[in-house]
Amino acid sequence: MADDAKAVAPDFSNWSCPLPLADYPAIVMGHGGGGKLGNELVEHLFLPAFRNPALENLGDAAVLEASGARLALSTDSFVVQPLFFPGGSIGELAVNGTVNDLAVSGAEPKFLSAGFILEEGFSLAQLAAIVDAMAKAAAEAGVQIVTGDTKVVERGHGDGCYITTAGVGLLRDGIQVGPHRARPGDAVLVSGTIGDHGMAIMSVREGLEFESPIRSDCAALNGMIAQVLDAAGAAVHAMRDPTRGGLASTLNEIAQASDVGIVIDEAGVPVRFEVQSACELLGLDPVYVANEGKAVFFVAPEAADRVLSVLRAHPLGKDAARIGHVTAEHKRILVARTAMGANRVIPTMIGEQLPRIC
Amino acid sequence: MKYLTEFRNGEIARAMAREIAQIATRHWKIMEVCGGQTHSIIRNGIDQMLPQGPEASVEMIHGPSCPVCVTPLELIDKALAIAALPGVIFCSFGDMLRVPGTEGDLFQVKGSGGDVRVVYSPLDAVELAVKNPDKQVVFFGVGFETTGPATAMSVHLAKRRGLRNFSLLVSHVLVPPAIEAIMSSPGNRVQAFLAAGHVCSVMGYWEYPPLAEKYRVPIVVTGFEPLDLLDGIRRAVMQLEAGRHEVENAYSRVVTFEGNLAAQKLLKEVFEVTDGAWRGIGVIPRSGWRLNADYRGFDAEERFHITGIHTQESPLCRSGDVLRGAIKPAECAAFGKECTPRHPLGATMVSSEGACAAYYNYGRFLSAEELAGAGSALTGAAHG
């Protein structure tokens, strides 16, 4: 089968490791789902092509040294539909997403760029609302949008409005965090309820109505993270914002990057009742659902309580919880203890989470 | 009542498991019919809670009712062909998209420009047909009796609204004939059934007493939450120990003897019973539904005349044996090696309700020792 794929698509032979990609000869939606397919694109296509030490960390932001200053650089694109949803819009997401990627890398976010791809016919009033949301989000996060670009594509060639932001931040002195730094014994903390953003989007798309609508948790986390780093400093080993692919994908990525096992207590993971209900209805597992205002922390066990109380004192972290720990057992595997007392593996998703039939 | 918490109470579950261990004095094999039950059993580790001693044990055998898994390969190939046609909007439930046909899956058709859409209800497909009069909208109607009424309602509405651009690719299959096929197959090991609660919410359980009588087999209508499943298992074991073979309803908060009569009337209006092809198992007499003469005009197979389908199953895949309960997924030589959710050889490795995928996803590829290691690490957390 691999040979056949090579025969019809000779371009693949130029790739350093074509085989894992060759069973999907074209891009499928799963390549953007935050799961294995996307990771394979990075590992087998982007990384070999662009290889350099700053990229190889595969952190949320690249860490750069320039004239003695340590900088973090990150970029993210936003293609969410609908553009406006309970709790926010593509505008807040575009600012907060990049701010959070910088913050979880241990940097203080400073400057952002914004690129807009607009579809012919897109309402100017909607664009103004998005830009206004971006300005407010930037002010709240304490960052400035200092450069930008606009392109327009013909009607039918875009979905209204796509935004790409990039951001630069200053790394704090004495902070060494990264997805590869989790150690056996570390406590795993999450800053609040999971799955809110993904289910807010899904319930709008699927027309689900609840007594109280599910709101996106979209928020800039740099203020809360700065307080955590002030309180715990070098005891914080890894941080990440579990966006696409949710908590499960983030924990699996860190287990792999750090070559450790991770154990979580399923009943201890905070999930809103309405999010859990919506997930049950649609046949989804909240551990795979996206968040836009949550962070996961891996901290030395002796600092766990201190970090937890700092988080809970912050408005964005009031539902924070200690959900598990890092172990030297079952390396690179995430295991959850179920409420029944059994253990189950939580794997990395292949592509997108598929709603079940019944 | 909070179904999401009260029916998942670990303490009550452990007490029920202890009770089952006290009742069981012999080795019993019970089949849960429905893939949703398989998913819940493996996800929650309920099979690990059951007695597994040398004197007495309760073993769960996973049944064939995962709609994704038993949809015939030929029909999936037809779906791929129809979905690739220009001017077609092909609508499907989500988990059909990654099921491998002979060549590729619906995701690939979508990636190459086919208009494939995930819907949660067949009625959404009818709406699409109304909004896109210049397109042919096809709904892939798969599933058991549970999803049947929604499929039937879609075509009923399409007919009433005079939609000429809506059709169904139908593969609905029925549970009672499958139970009959399993009980009458040579080498059958199943001694009791947990009937699928959601199927019975539509159909009731009036079809089961003759089966229980004919094969002298206990049948317990069972739900999907951990405590529902343990209650169903407990009742089945009590019957087996007492030598009874009755039909019991352990899911009375949802299921009645008659079932949903309005839904059954609609099913009768739209479908007729036909021999059904089950992927991995073969043809089971009178085990499927197809559109009847009044609705035949909405049959996508007739509307699109797809020919030249040559199906080929992987020679390594033993999903048929898994679906019949003859082997456990991990006993297949390809399990976790040639066949993973990333590279499924058969449909049982695709759907989260497929037994192979449930085993793989919840870590049944780890050895017992490795999982025990995880357990002790967890105990450490509780004390630390």
# chains A, B, ... in the order shown; residues from 1 in each chain; ligands from 1

$ select_by_dssp --residues "stretch 119-297 of chain A" --states "strand (DSSP E or B)" --output "PyMOL selection string"
chain A and resi 119+144-153+161-171+187-190+236-240+261-265+296-297

$ interface_residues --of "chain A" --to "chain B" --cutoff "10 Å" --atoms "only C-alpha atoms" --output "PyMOL selection string"
chain A and resi 23-30+36-37+185+187+206+261-265+273+276-277+280+282-283+301+323-330+333-358

$ closest_residue --among "B:Ala355, B:Ala333, B:Val255, B:Met16" --to "B:Cys200" --atoms "only C-alpha atoms"
B:Val255

$ residues_around --residues "A:Pro82" --least-positions-apart "3" --cutoff "10 Å" --atoms "only C-alpha atoms" --output "list in words"
Val79, Phe85, Ser89, Ile90, Asp159, Gly160, Ile201, Met202, Val204 and Arg205 of chain A

$ closest_residue --among "A:Glu209, A:Asp173, A:Asp196, A:Asp60" --to "A:Leu281" --atoms "only C-alpha atoms"
A:Glu209

$ closest_residue --among "A:Gly32, A:Gly68, A:Pro109, A:Gly223" --to "A:Leu316" --atoms "only C-alpha atoms"
A:Gly223
